[in-house]
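Participant: My structure is in target.pdb, and what it holds is PDB, C-alpha atoms, pLDDT in the B column:
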```pdb
ATOM      1  CA  MET Y 209     -10.739 -15.103  24.465  1.00 92.00           C
ATOM      2  CA  LYS Y 210      -8.354 -16.451  21.799  1.00 95.00           C
ATOM      3  CA  LEU Y 211      -7.545 -14.365  18.762  1.00 95.00           C
ATOM      4  CA  ALA Y 212      -6.969 -16.051  15.410  1.00 96.00           C
ATOM      5  CA  ILE Y 213      -6.542 -14.783  11.877  1.00 96.00           C
ATOM      6  CA  ALA Y 214      -7.496 -16.652   8.699  1.00 94.00           C
ATOM      7  CA  THR Y 215      -5.134 -16.108   5.796  1.00 94.00           C
ATOM      8  CA  LYS Y 216      -6.169 -14.859   2.392  1.00 91.00           C
ATOM      9  CA  PRO Y 217      -6.924 -17.777   0.042  1.00 88.00           C
ATOM     10  CA  THR Y 218      -4.037 -16.817  -2.262  1.00 89.00           C
ATOM     11  CA  PHE Y 219      -0.320 -16.500  -1.590  1.00 91.00           C
ATOM     12  CA  PHE Y 220       1.408 -13.139  -1.863  1.00 91.00           C
ATOM     13  CA  VAL Y 221       4.804 -11.484  -1.395  1.00 88.00           C
ATOM     14  CA  GLU Y 222       5.642 -10.587   2.232  1.00 91.00           C
ATOM     15  CA  GLU Y 223       2.972 -12.973   3.604  1.00 94.00           C
ATOM     16  CA  ASP Y 224       5.493 -14.829   5.771  1.00 96.00           C
ATOM     17  CA  LYS Y 225       6.813 -11.531   7.181  1.00 95.00           C
ATOM     18  CA  ILE Y 226       3.309 -10.318   8.015  1.00 96.00           C
ATOM     19  CA  ILE Y 227       2.382 -13.603   9.695  1.00 97.00           C
ATOM     20  CA  THR Y 228       5.602 -13.624  11.717  1.00 98.00           C
ATOM     21  CA  ARG Y 229       5.048 -10.017  12.800  1.00 97.00           C
ATOM     22  CA  LEU Y 230       1.472 -10.777  13.864  1.00 97.00           C
ATOM     23  CA  PHE Y 231       2.717 -13.663  16.011  1.00 98.00           C
ATOM     24  CA  GLU Y 232       5.304 -11.332  17.538  1.00 97.00           C
ATOM     25  CA  GLU Y 233       2.490  -8.885  18.366  1.00 97.00           C
ATOM     26  CA  GLY Y 234       0.488 -11.552  20.216  1.00 97.00           C
ATOM     27  CA  LEU Y 235      -1.529 -13.501  17.662  1.00 97.00           C
ATOM     28  CA  ASP Y 236      -2.742 -16.706  19.325  1.00 97.00           C
ATOM     29  CA  TYR Y 237      -3.458 -18.813  16.220  1.00 97.00           C
ATOM     30  CA  LEU Y 238      -3.247 -18.648  12.447  1.00 97.00           C
ATOM     31  CA  PHE Y 239      -5.713 -20.477  10.229  1.00 95.00           C
ATOM     32  CA  LEU Y 240      -3.658 -21.221   7.133  1.00 94.00           C
ATOM     33  CA  TYR Y 241      -6.726 -21.603   4.979  1.00 85.00           C
ATOM     34  CA  LYS Y 242      -5.609 -22.103   1.400  1.00 86.00           C
ATOM     35  CA  GLU Y 243      -7.906 -24.982   0.583  1.00 73.00           C
ATOM     36  CA  TYR Y 244      -6.891 -25.631  -3.025  1.00 76.00           C
ATOM     37  CA  ALA Y 245      -3.224 -24.673  -2.787  1.00 79.00           C
ATOM     38  CA  HIS Y 246      -0.535 -27.046  -3.957  1.00 85.00           C
ATOM     39  CA  PRO Y 247       1.277 -28.542  -0.920  1.00 85.00           C
ATOM     40  CA  GLN Y 248       4.633 -27.249  -2.223  1.00 91.00           C
ATOM     41  CA  PHE Y 249       3.448 -23.643  -1.885  1.00 92.00           C
ATOM     42  CA  MET Y 250       2.165 -24.361   1.619  1.00 93.00           C
ATOM     43  CA  GLU Y 251       5.505 -25.936   2.536  1.00 95.00           C
ATOM     44  CA  ARG Y 252       7.390 -22.944   1.190  1.00 95.00           C
ATOM     45  CA  LEU Y 253       5.312 -20.570   3.319  1.00 96.00           C
ATOM     46  CA  LEU Y 254       5.701 -22.753   6.416  1.00 97.00           C
ATOM     47  CA  ASN Y 255       9.471 -22.906   5.889  1.00 97.00           C
ATOM     48  CA  LEU Y 256       9.608 -19.100   5.903  1.00 97.00           C
ATOM     49  CA  ILE Y 257       7.689 -18.820   9.202  1.00 98.00           C
ATOM     50  CA  PRO Y 258       9.859 -19.478  12.288  1.00 98.00           C
ATOM     51  CA  LYS Y 259       9.374 -23.017  13.669  1.00 97.00           C
ATOM     52  CA  LYS Y 260       8.479 -21.711  17.121  1.00 97.00           C
ATOM     53  CA  TYR Y 261       5.149 -20.508  15.685  1.00 98.00           C
ATOM     54  CA  HIS Y 262       4.234 -23.750  13.886  1.00 97.00           C
ATOM     55  CA  LYS Y 263       2.448 -25.154  16.950  1.00 96.00           C
ATOM     56  CA  ARG Y 264       0.027 -22.190  16.680  1.00 97.00           C
ATOM     57  CA  ILE Y 265      -0.910 -22.743  13.030  1.00 97.00           C
ATOM     58  CA  TYR Y 266      -3.883 -24.754  11.783  1.00 95.00           C
ATOM     59  CA  SER Y 267      -3.718 -26.012   8.186  1.00 93.00           C
ATOM     60  CA  CYS Y 268      -6.230 -27.593   5.801  1.00 88.00           C
ATOM     61  CA  ASN Y 269      -3.625 -30.245   4.933  1.00 85.00           C
ATOM     62  CA  ASN Y 270      -3.333 -33.062   7.511  1.00 83.00           C
ATOM     63  CA  ARG Y 271      -0.027 -34.350   6.108  1.00 87.00           C
ATOM     64  CA  LEU Y 272       1.576 -30.932   6.523  1.00 90.00           C
ATOM     65  CA  MET Y 273       0.040 -30.667   9.985  1.00 90.00           C
ATOM     66  CA  GLN Y 274       1.866 -33.833  11.018  1.00 90.00           C
ATOM     67  CA  GLU Y 275       5.113 -33.121   9.176  1.00 93.00           C
ATOM     68  CA  TYR Y 276       5.481 -29.542  10.473  1.00 95.00           C
ATOM     69  CA  ARG Y 277       3.924 -30.302  13.883  1.00 94.00           C
ATOM     70  CA  LEU Y 278       1.195 -27.743  13.435  1.00 95.00           C
ATOM     71  CA  ALA Y 279      -1.637 -27.156  15.904  1.00 94.00           C
ATOM     72  CA  GLY Y 280      -4.234 -29.093  13.921  1.00 92.00           C
ATOM     73  CA  THR Y 281      -6.284 -29.543  10.764  1.00 90.00           C
ATOM     74  CA  LEU Y 282      -9.015 -27.306   9.327  1.00 90.00           C
ATOM     75  CA  PHE Y 283     -11.932 -29.027   7.640  1.00 87.00           C
ATOM     76  CA  PRO Y 284     -13.983 -26.945   5.195  1.00 78.00           C
ATOM     77  CA  MET Y 285     -17.726 -26.675   5.746  1.00 76.00           C
ATOM     78  CA  GLY Y 286     -19.430 -29.886   4.690  1.00 71.00           C
ATOM     79  CA  SER Y 287     -16.386 -32.149   5.131  1.00 73.00           C
ATOM     80  CA  SER Y 288     -15.297 -34.164   8.140  1.00 72.00           C
ATOM     81  CA  PRO Y 289     -12.421 -36.354   9.337  1.00 74.00           C
ATOM     82  CA  ILE Y 290     -12.449 -39.771   7.692  1.00 70.00           C
ATOM     83  CA  GLY Y 291     -10.614 -41.612  10.425  1.00 69.00           C
ATOM     84  CA  ASN Y 292      -6.907 -41.651   9.563  1.00 69.00           C
ATOM     85  CA  GLU Y 293      -6.198 -37.998  10.417  1.00 71.00           C
ATOM     86  CA  LYS Y 294      -4.382 -37.135  13.631  1.00 75.00           C
ATOM     87  CA  GLY Y 295      -4.252 -34.060  15.833  1.00 80.00           C
ATOM     88  CA  LYS Y 296      -6.806 -31.423  16.726  1.00 89.00           C
ATOM     89  CA  PHE Y 297      -9.675 -30.871  14.316  1.00 91.00           C
ATOM     90  CA  VAL Y 298     -11.392 -27.598  13.449  1.00 93.00           C
ATOM     91  CA  GLY Y 299     -14.753 -27.580  11.681  1.00 92.00           C
ATOM     92  CA  TYR Y 300     -17.205 -24.920  10.517  1.00 91.00           C
ATOM     93  CA  ALA Y 301     -20.892 -24.572  11.367  1.00 89.00           C
ATOM     94  CA  ASN Y 302     -23.265 -22.058   9.808  1.00 85.00           C
ATOM     95  CA  ASN Y 303     -26.343 -22.654  11.984  1.00 83.00           C
ATOM     96  CA  LEU Y 304     -27.065 -23.757  15.549  1.00 82.00           C
ATOM     97  CA  THR Y 305     -28.267 -27.245  14.575  1.00 84.00           C
ATOM     98  CA  HIS Y 306     -25.048 -27.809  12.663  1.00 86.00           C
ATOM     99  CA  LEU Y 307     -23.082 -26.436  15.641  1.00 88.00           C
ATOM    100  CA  LYS Y 308     -24.711 -28.939  17.991  1.00 86.00           C
ATOM    101  CA  ASP Y 309     -23.781 -31.865  15.717  1.00 88.00           C
ATOM    102  CA  LEU Y 310     -20.209 -30.730  15.070  1.00 90.00           C
ATOM    103  CA  ARG Y 311     -19.365 -30.220  18.735  1.00 87.00           C
ATOM    104  CA  LYS Y 312     -19.233 -34.036  19.006  1.00 86.00           C
ATOM    105  CA  VAL Y 313     -16.637 -34.373  16.218  1.00 88.00           C
ATOM    106  CA  TYR Y 314     -14.337 -31.336  16.400  1.00 92.00           C
ATOM    107  CA  ASP Y 315     -12.062 -29.860  19.051  1.00 93.00           C
ATOM    108  CA  ILE Y 316     -12.961 -26.342  17.858  1.00 95.00           C
ATOM    109  CA  VAL Y 317     -16.086 -25.386  15.918  1.00 94.00           C
ATOM    110  CA  CYS Y 318     -15.985 -22.089  14.051  1.00 93.00           C
ATOM    111  CA  TYR Y 319     -19.472 -20.627  14.029  1.00 90.00           C
ATOM    112  CA  GLY Y 320     -20.503 -18.113  11.403  1.00 84.00           C
ATOM    113  CA  PRO Y 321     -20.363 -16.169   9.293  1.00 76.00           C
ATOM    114  CA  LEU Y 322     -22.070 -13.892  11.768  1.00 72.00           C
ATOM    115  CA  GLY Y 323     -23.798 -11.083   9.935  1.00 60.00           C
ATOM    116  CA  ARG Y 324     -24.174  -7.750  11.710  1.00 54.00           C
ATOM    117  CA  THR Y 325     -27.893  -8.242  12.427  1.00 52.00           C
ATOM    118  CA  TYR Y 326     -27.341 -11.770  13.705  1.00 56.00           C
ATOM    119  CA  TYR Y 327     -25.660 -10.492  16.868  1.00 53.00           C
ATOM    120  CA  GLN Y 328     -29.053  -9.242  18.071  1.00 55.00           C
ATOM    121  CA  SER Y 329     -31.100 -12.200  16.786  1.00 61.00           C
ATOM    122  CA  THR Y 330     -33.513 -14.064  19.039  1.00 63.00           C
ATOM    123  CA  GLU Y 331     -32.034 -17.397  17.960  1.00 63.00           C
ATOM    124  CA  LEU Y 332     -28.574 -16.494  19.205  1.00 68.00           C
ATOM    125  CA  ASN Y 333     -29.848 -14.892  22.402  1.00 68.00           C
ATOM    126  CA  GLU Y 334     -32.117 -17.764  23.434  1.00 70.00           C
ATOM    127  CA  ILE Y 335     -30.565 -20.940  22.059  1.00 69.00           C
ATOM    128  CA  GLY Y 336     -27.023 -19.963  21.231  1.00 71.00           C
ATOM    129  CA  LYS Y 337     -25.927 -19.198  24.766  1.00 73.00           C
ATOM    130  CA  LYS Y 338     -26.709 -22.802  25.730  1.00 81.00           C
ATOM    131  CA  MET Y 339     -24.565 -24.290  22.943  1.00 85.00           C
ATOM    132  CA  ILE Y 340     -21.714 -21.816  22.655  1.00 89.00           C
ATOM    133  CA  ASN Y 341     -18.680 -22.519  24.823  1.00 90.00           C
ATOM    134  CA  ARG Y 342     -14.920 -21.937  24.875  1.00 93.00           C
ATOM    135  CA  ASN Y 343     -14.492 -24.454  22.018  1.00 94.00           C
ATOM    136  CA  THR Y 344     -16.809 -22.395  19.790  1.00 93.00           C
ATOM    137  CA  TRP Y 345     -15.081 -19.586  17.906  1.00 94.00           C
ATOM    138  CA  ALA Y 346     -16.897 -16.820  16.022  1.00 91.00           C
ATOM    139  CA  PHE Y 347     -16.075 -15.642  12.518  1.00 89.00           C
ATOM    140  CA  GLY Y 348     -17.514 -13.234   9.972  1.00 83.00           C
ATOM    141  CA  ASN Y 349     -18.180  -9.490  10.331  1.00 80.00           C
ATOM    142  CA  ILE Y 350     -16.238  -9.248  13.550  1.00 84.00           C
ATOM    143  CA  ASP Y 351     -15.046  -5.809  14.552  1.00 81.00           C
ATOM    144  CA  GLU Y 352     -13.958  -4.017  17.698  1.00 80.00           C
ATOM    145  CA  ASP Y 353     -17.547  -3.028  18.522  1.00 80.00           C
ATOM    146  CA  ASN Y 354     -18.960  -6.542  18.755  1.00 81.00           C
ATOM    147  CA  LEU Y 355     -16.071  -8.292  20.536  1.00 85.00           C
ATOM    148  CA  LYS Y 356     -17.627  -7.609  23.952  1.00 82.00           C
ATOM    149  CA  ARG Y 357     -20.960  -9.078  22.844  1.00 81.00           C
ATOM    150  CA  LEU Y 358     -19.214 -12.233  21.614  1.00 84.00           C
ATOM    151  CA  THR Y 359     -17.590 -12.665  25.025  1.00 84.00           C
ATOM    152  CA  LYS Y 360     -21.005 -12.430  26.698  1.00 82.00           C
ATOM    153  CA  TYR Y 361     -22.321 -15.214  24.473  1.00 84.00           C
ATOM    154  CA  GLY Y 362     -19.460 -17.421  25.663  1.00 87.00           C
ATOM    155  CA  PHE Y 363     -17.333 -17.725  22.515  1.00 90.00           C
ATOM    156  CA  GLY Y 364     -13.833 -18.973  23.306  1.00 93.00           C
ATOM    157  CA  GLY Y 365     -12.224 -17.225  20.372  1.00 94.00           C
ATOM    158  CA  VAL Y 366     -12.672 -15.096  17.282  1.00 93.00           C
ATOM    159  CA  ILE Y 367     -11.265 -15.581  13.794  1.00 94.00           C
ATOM    160  CA  LEU Y 368     -10.549 -12.372  11.946  1.00 92.00           C
ATOM    161  CA  GLU Y 369     -10.267 -12.141   8.210  1.00 90.00           C
ATOM    162  CA  GLU Y 370     -11.956  -9.129   6.619  1.00 85.00           C
ATOM    163  CA  LEU Y 371     -11.051  -6.784   9.454  1.00 85.00           C
ATOM    164  CA  ILE Y 372      -7.351  -7.512   8.982  1.00 89.00           C
ATOM    165  CA  TRP Y 373      -7.012  -7.999   5.223  1.00 90.00           C
ATOM    166  CA  ASP Y 374      -9.632  -5.694   3.680  1.00 85.00           C
ATOM    167  CA  ASN Y 375      -7.510  -2.551   3.585  1.00 80.00           C
ATOM    168  CA  PHE Y 376      -4.306  -4.292   2.541  1.00 85.00           C
ATOM    169  CA  ASP Y 377      -3.640  -4.664  -1.177  1.00 85.00           C
ATOM    170  CA  SER Y 378      -1.576  -7.851  -1.331  1.00 84.00           C
ATOM    171  CA  CYS Y 379      -0.955  -7.386  -5.074  1.00 80.00           C
ATOM    172  CA  ARG Y 380       0.571  -3.917  -4.866  1.00 81.00           C
ATOM    173  CA  SER Y 381       1.667  -3.141  -1.334  1.00 82.00           C
ATOM    174  CA  THR Y 382       4.609  -4.309   0.727  1.00 81.00           C
ATOM    175  CA  ASP Y 383       3.960  -1.797   3.519  1.00 85.00           C
ATOM    176  CA  TYR Y 384       1.922  -3.628   6.121  1.00 91.00           C
ATOM    177  CA  THR Y 385       2.314  -1.105   8.958  1.00 92.00           C
ATOM    178  CA  GLU Y 386      -1.392  -0.184   9.018  1.00 92.00           C
ATOM    179  CA  LEU Y 387      -2.376  -3.872   9.014  1.00 93.00           C
ATOM    180  CA  VAL Y 388      -0.160  -4.518  12.069  1.00 95.00           C
ATOM    181  CA  ASN Y 389      -1.448  -1.379  13.823  1.00 94.00           C
ATOM    182  CA  ARG Y 390      -5.050  -2.504  13.254  1.00 92.00           C
ATOM    183  CA  PHE Y 391      -4.186  -5.913  14.706  1.00 94.00           C
ATOM    184  CA  LYS Y 392      -2.591  -4.277  17.774  1.00 95.00           C
ATOM    185  CA  ARG Y 393      -5.773  -2.263  18.431  1.00 92.00           C
ATOM    186  CA  ILE Y 394      -7.902  -5.404  18.196  1.00 92.00           C
ATOM    187  CA  LYS Y 395      -5.492  -7.369  20.383  1.00 94.00           C
ATOM    188  CA  LYS Y 396      -5.658  -4.641  23.018  1.00 93.00           C
ATOM    189  CA  ALA Y 397      -9.486  -4.731  22.897  1.00 90.00           C
ATOM    190  CA  VAL Y 398      -9.504  -8.540  23.269  1.00 91.00           C
ATOM    191  CA  ASP Y 399      -7.043  -8.400  26.168  1.00 91.00           C
ATOM    192  CA  ARG Y 400      -9.360  -5.977  28.025  1.00 88.00           C
ATOM    193  CA  LEU Y 401     -12.283  -8.457  27.864  1.00 81.00           C
TER     194      LEU Y 401
END
```
If you took the structure in this file and wrote it as structure tokens, what would it be?
Facilitator:
Amino acid sequence: MKLAIATKPTFFVEEDKIITRLFEEGLDYLFLYKEYAHPQFMERLLNLIPKKYHKRIYSCNNRLMQEYRLAGTLFPMGSSPIGNEKGKFVGYANNLTHLKDLRKVYDIVCYGPLGRTYYQSTELNEIGKKMINRNTWAFGNIDEDNLKRLTKYGFGGVILEELIWDNFDSCRSTDYTELVNRFKRIKKAVDRL
């Protein structure tokens, strides 16, 4: 199972150092999801991250994806490629019908947000297992306890956001030791699956 992290929507001091450290600790992919950010700020952040990690970063800006040779382009929920974009495409589905449709268009479909009670829902147990595959990645309310369940459903990856960023105050803190330690615990749990 692949392990990805979605960035916070805003930029902050030390972000490039945290991202680089997470890659060093085994992060598979980064979803650089700053949908309304000015491209100059995105470029600045990408310039601070070592080039060897660029091929493992997805961005919501197709021009930057091509210029920096990133892994692919993220498309927000409700939008889709218009034809002139290149590279791998990542889309978001929030229900199983939507997931079925998007699997035809995108290389990776992020499915969620998965609420805590949804993991035991009849819909996911009966229908979801037929439509979820290695190109379907889970996001939303993912923690160490439900990683095993996600593997059983057949998800090819998970995208962490809250679990990584919730206890880190990006406005006041420059000590990201606990954030990295939390990531290492999750990475170890994913590697055991």
Participant: I'd like to see the residues matched by the PyMOL selection byres ((chain Y and resi 342-354) around 7) on this file, and ideally I'd get them as a list of chain:residue names.
Facilitator: Y:Asp315, Y:Ile316, Y:Val317, Y:Cys318, Y:Tyr319, Y:Gly320, Y:Pro321, Y:Leu322, Y:Gly323, Y:Arg324, Y:Ile340, Y:Asn341, Y:Leu355, Y:Lys356, Y:Arg357, Y:Leu358, Y:Gly362, Y:Phe363, Y:Gly364, Y:Gly365, Y:Val366, Y:Ile367, Y:Leu368, Y:Leu371, Y:Ile394, Y:Ala397
Participant: Which protein, DNA or RNA residues have an atom at most 12 Å from (7.3, -12.9, 7.9), counting all atoms listed in the file? List them as a list of chain:residue names.
Facilitator: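 Residues found, by chain and rising number: Y:Phe220, Y:Val221, Y:Glu222, Y:Glu223, Y:Asp224, Y:Lys225, Y:Ile226, Y:Ile227, Y:Thr228, Y:Arg229, Y:Leu230, Y:Phe231, Y:Glu232, Y:Leu253, Y:Leu254, Y:Asn255, Y:Leu256, Y:Ile257, Y:Pro258, Y:Lys259, Y:Tyr261, Y:Thr382, Y:Tyr384, Y:Val388.
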Participant: Taking C-alpha atoms for each residue, export the selection above as a PDB file, keeping the file's coordinate frame.
Facilitator:
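So result-v7.pdb came out as:
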```
ATOM      1  CA  PHE Y 220       1.408 -13.139  -1.863  1.00 91.00           C
ATOM      2  CA  VAL Y 221       4.804 -11.484  -1.395  1.00 88.00           C
ATOM      3  CA  GLU Y 222       5.642 -10.587   2.232  1.00 91.00           C
ATOM      4  CA  GLU Y 223       2.972 -12.973   3.604  1.00 94.00           C
ATOM      5  CA  ASP Y 224       5.493 -14.829   5.771  1.00 96.00           C
ATOM      6  CA  LYS Y 225       6.813 -11.531   7.181  1.00 95.00           C
ATOM      7  CA  ILE Y 226       3.309 -10.318   8.015  1.00 96.00           C
ATOM      8  CA  ILE Y 227       2.382 -13.603   9.695  1.00 97.00           C
ATOM      9  CA  THR Y 228       5.602 -13.624  11.717  1.00 98.00           C
ATOM     10  CA  ARG Y 229       5.048 -10.017  12.800  1.00 97.00           C
ATOM     11  CA  LEU Y 230       1.472 -10.777  13.864  1.00 97.00           C
ATOM     12  CA  PHE Y 231       2.717 -13.663  16.011  1.00 98.00           C
ATOM     13  CA  GLU Y 232       5.304 -11.332  17.538  1.00 97.00           C
ATOM     14  CA  LEU Y 253       5.312 -20.570   3.319  1.00 96.00           C
ATOM     15  CA  LEU Y 254       5.701 -22.753   6.416  1.00 97.00           C
ATOM     16  CA  ASN Y 255       9.471 -22.906   5.889  1.00 97.00           C
ATOM     17  CA  LEU Y 256       9.608 -19.100   5.903  1.00 97.00           C
ATOM     18  CA  ILE Y 257       7.689 -18.820   9.202  1.00 98.00           C
ATOM     19  CA  PRO Y 258       9.859 -19.478  12.288  1.00 98.00           C
ATOM     20  CA  LYS Y 259       9.374 -23.017  13.669  1.00 97.00           C
ATOM     21  CA  TYR Y 261       5.149 -20.508  15.685  1.00 98.00           C
ATOM     22  CA  THR Y 382       4.609  -4.309   0.727  1.00 81.00           C
ATOM     23  CA  TYR Y 384       1.922  -3.628   6.121  1.00 91.00           C
ATOM     24  CA  VAL Y 388      -0.160  -4.518  12.069  1.00 95.00           C
TER      25      VAL Y 388
END
```
Participant: Out of Y:Gln248, Y:Asn302, Y:Ser267, Y:Asn375, which residue has the shortest atom-to-atom distance to Y:Ala279 when counting all atoms listed in the file?
Facilitator: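 Ranking Y:Gln248, Y:Asn302, Y:Ser267, Y:Asn375 by distance to Y:Ala279, first place goes to Y:Ser267.
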Participant: Please work out which residues fall within 12 Å of (-4.2, 2.0, 7.9), coordinates as given in the file, with only C-alpha atoms counting, and return them as JSON, numbers by chain.
Facilitator: {"Y": [371, 372, 373, 374, 375, 376, 377, 383, 384, 385, 386, 387, 388, 389, 390, 391, 392, 393]}
Participant: I need the residues from that last selection saved to file as a PDB file, in the coordinates of the input (with C-alpha atoms), if you can.
Facilitator:
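part_35.pdb was written with the following content:
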```
ATOM      1  CA  LEU Y 371     -11.051  -6.784   9.454  1.00 85.00           C
ATOM      2  CA  ILE Y 372      -7.351  -7.512   8.982  1.00 89.00           C
ATOM      3  CA  TRP Y 373      -7.012  -7.999   5.223  1.00 90.00           C
ATOM      4  CA  ASP Y 374      -9.632  -5.694   3.680  1.00 85.00           C
ATOM      5  CA  ASN Y 375      -7.510  -2.551   3.585  1.00 80.00           C
ATOM      6  CA  PHE Y 376      -4.306  -4.292   2.541  1.00 85.00           C
ATOM      7  CA  ASP Y 377      -3.640  -4.664  -1.177  1.00 85.00           C
ATOM      8  CA  ASP Y 383       3.960  -1.797   3.519  1.00 85.00           C
ATOM      9  CA  TYR Y 384       1.922  -3.628   6.121  1.00 91.00           C
ATOM     10  CA  THR Y 385       2.314  -1.105   8.958  1.00 92.00           C
ATOM     11  CA  GLU Y 386      -1.392  -0.184   9.018  1.00 92.00           C
ATOM     12  CA  LEU Y 387      -2.376  -3.872   9.014  1.00 93.00           C
ATOM     13  CA  VAL Y 388      -0.160  -4.518  12.069  1.00 95.00           C
ATOM     14  CA  ASN Y 389      -1.448  -1.379  13.823  1.00 94.00           C
ATOM     15  CA  ARG Y 390      -5.050  -2.504  13.254  1.00 92.00           C
ATOM     16  CA  PHE Y 391      -4.186  -5.913  14.706  1.00 94.00           C
ATOM     17  CA  LYS Y 392      -2.591  -4.277  17.774  1.00 95.00           C
ATOM     18  CA  ARG Y 393      -5.773  -2.263  18.431  1.00 92.00           C
TER      19      ARG Y 393
END
```
Participant: Identify which of the residues Y:Ala214, Y:Ser378, Y:Gly336, Y:Gly234 lies closest to Y:Asp399, counting only C-alpha atoms when measuring atom-to-atom distances.
Facilitator: Y:Gly234
Participant: Apply the PyMOL selection byres ((chain Y and resi 273-278) around 12) to the displayed file and report the matching residues as a PyMOL selection string.
Facilitator: chain Y and resi 237-240+247+250-255+257-272+279-282+292-297
Participant: What does the structure give for the distance between atom CA of Y:Glu334 and atom CA of Y:Asn303, in Å to one decimal?
Facilitator: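 So the answer is 13.7 Å.
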Participant: As a PDB file, in the frame of the given file, please: stretch 353-366 of chain Y completed to N, CA and C atoms.
Facilitator:
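Result file is selection00.pdb:
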```
ATOM      1  N   ASP Y 353     -16.300  -3.335  17.827  1.00 80.00           N
ATOM      2  CA  ASP Y 353     -17.547  -3.028  18.522  1.00 80.00           C
ATOM      3  C   ASP Y 353     -18.281  -4.268  19.024  1.00 80.00           C
ATOM      4  N   ASN Y 354     -18.192  -5.377  18.311  1.00 81.00           N
ATOM      5  CA  ASN Y 354     -18.960  -6.542  18.755  1.00 81.00           C
ATOM      6  C   ASN Y 354     -18.140  -7.602  19.487  1.00 81.00           C
ATOM      7  N   LEU Y 355     -16.882  -7.333  19.776  1.00 85.00           N
ATOM      8  CA  LEU Y 355     -16.071  -8.292  20.536  1.00 85.00           C
ATOM      9  C   LEU Y 355     -16.646  -8.543  21.934  1.00 85.00           C
ATOM     10  N   LYS Y 356     -17.081  -7.480  22.597  1.00 82.00           N
ATOM     11  CA  LYS Y 356     -17.627  -7.609  23.952  1.00 82.00           C
ATOM     12  C   LYS Y 356     -18.886  -8.487  23.950  1.00 82.00           C
ATOM     13  N   ARG Y 357     -19.735  -8.280  22.960  1.00 81.00           N
ATOM     14  CA  ARG Y 357     -20.960  -9.078  22.844  1.00 81.00           C
ATOM     15  C   ARG Y 357     -20.623 -10.559  22.654  1.00 81.00           C
ATOM     16  N   LEU Y 358     -19.604 -10.845  21.845  1.00 84.00           N
ATOM     17  CA  LEU Y 358     -19.214 -12.233  21.614  1.00 84.00           C
ATOM     18  C   LEU Y 358     -18.724 -12.892  22.899  1.00 84.00           C
ATOM     19  N   THR Y 359     -18.040 -12.136  23.734  1.00 84.00           N
ATOM     20  CA  THR Y 359     -17.590 -12.665  25.025  1.00 84.00           C
ATOM     21  C   THR Y 359     -18.788 -13.015  25.895  1.00 84.00           C
ATOM     22  N   LYS Y 360     -19.808 -12.171  25.896  1.00 82.00           N
ATOM     23  CA  LYS Y 360     -21.005 -12.430  26.698  1.00 82.00           C
ATOM     24  C   LYS Y 360     -21.713 -13.704  26.259  1.00 82.00           C
ATOM     25  N   TYR Y 361     -21.697 -13.990  24.962  1.00 84.00           N
ATOM     26  CA  TYR Y 361     -22.321 -15.214  24.473  1.00 84.00           C
ATOM     27  C   TYR Y 361     -21.528 -16.450  24.876  1.00 84.00           C
ATOM     28  N   GLY Y 362     -20.266 -16.288  25.221  1.00 87.00           N
ATOM     29  CA  GLY Y 362     -19.460 -17.421  25.663  1.00 87.00           C
ATOM     30  C   GLY Y 362     -18.480 -17.963  24.639  1.00 87.00           C
ATOM     31  N   PHE Y 363     -18.294 -17.267  23.509  1.00 90.00           N
ATOM     32  CA  PHE Y 363     -17.333 -17.725  22.515  1.00 90.00           C
ATOM     33  C   PHE Y 363     -15.933 -17.772  23.122  1.00 90.00           C
ATOM     34  N   GLY Y 364     -15.197 -18.825  22.792  1.00 93.00           N
ATOM     35  CA  GLY Y 364     -13.833 -18.973  23.306  1.00 93.00           C
ATOM     36  C   GLY Y 364     -12.785 -18.298  22.454  1.00 93.00           C
ATOM     37  N   GLY Y 365     -13.174 -17.883  21.253  1.00 94.00           N
ATOM     38  CA  GLY Y 365     -12.224 -17.225  20.372  1.00 94.00           C
ATOM     39  C   GLY Y 365     -12.927 -16.566  19.202  1.00 94.00           C
ATOM     40  N   VAL Y 366     -12.173 -15.738  18.493  1.00 93.00           N
ATOM     41  CA  VAL Y 366     -12.672 -15.096  17.282  1.00 93.00           C
ATOM     42  C   VAL Y 366     -11.638 -15.290  16.182  1.00 93.00           C
TER      43      VAL Y 366
END
```
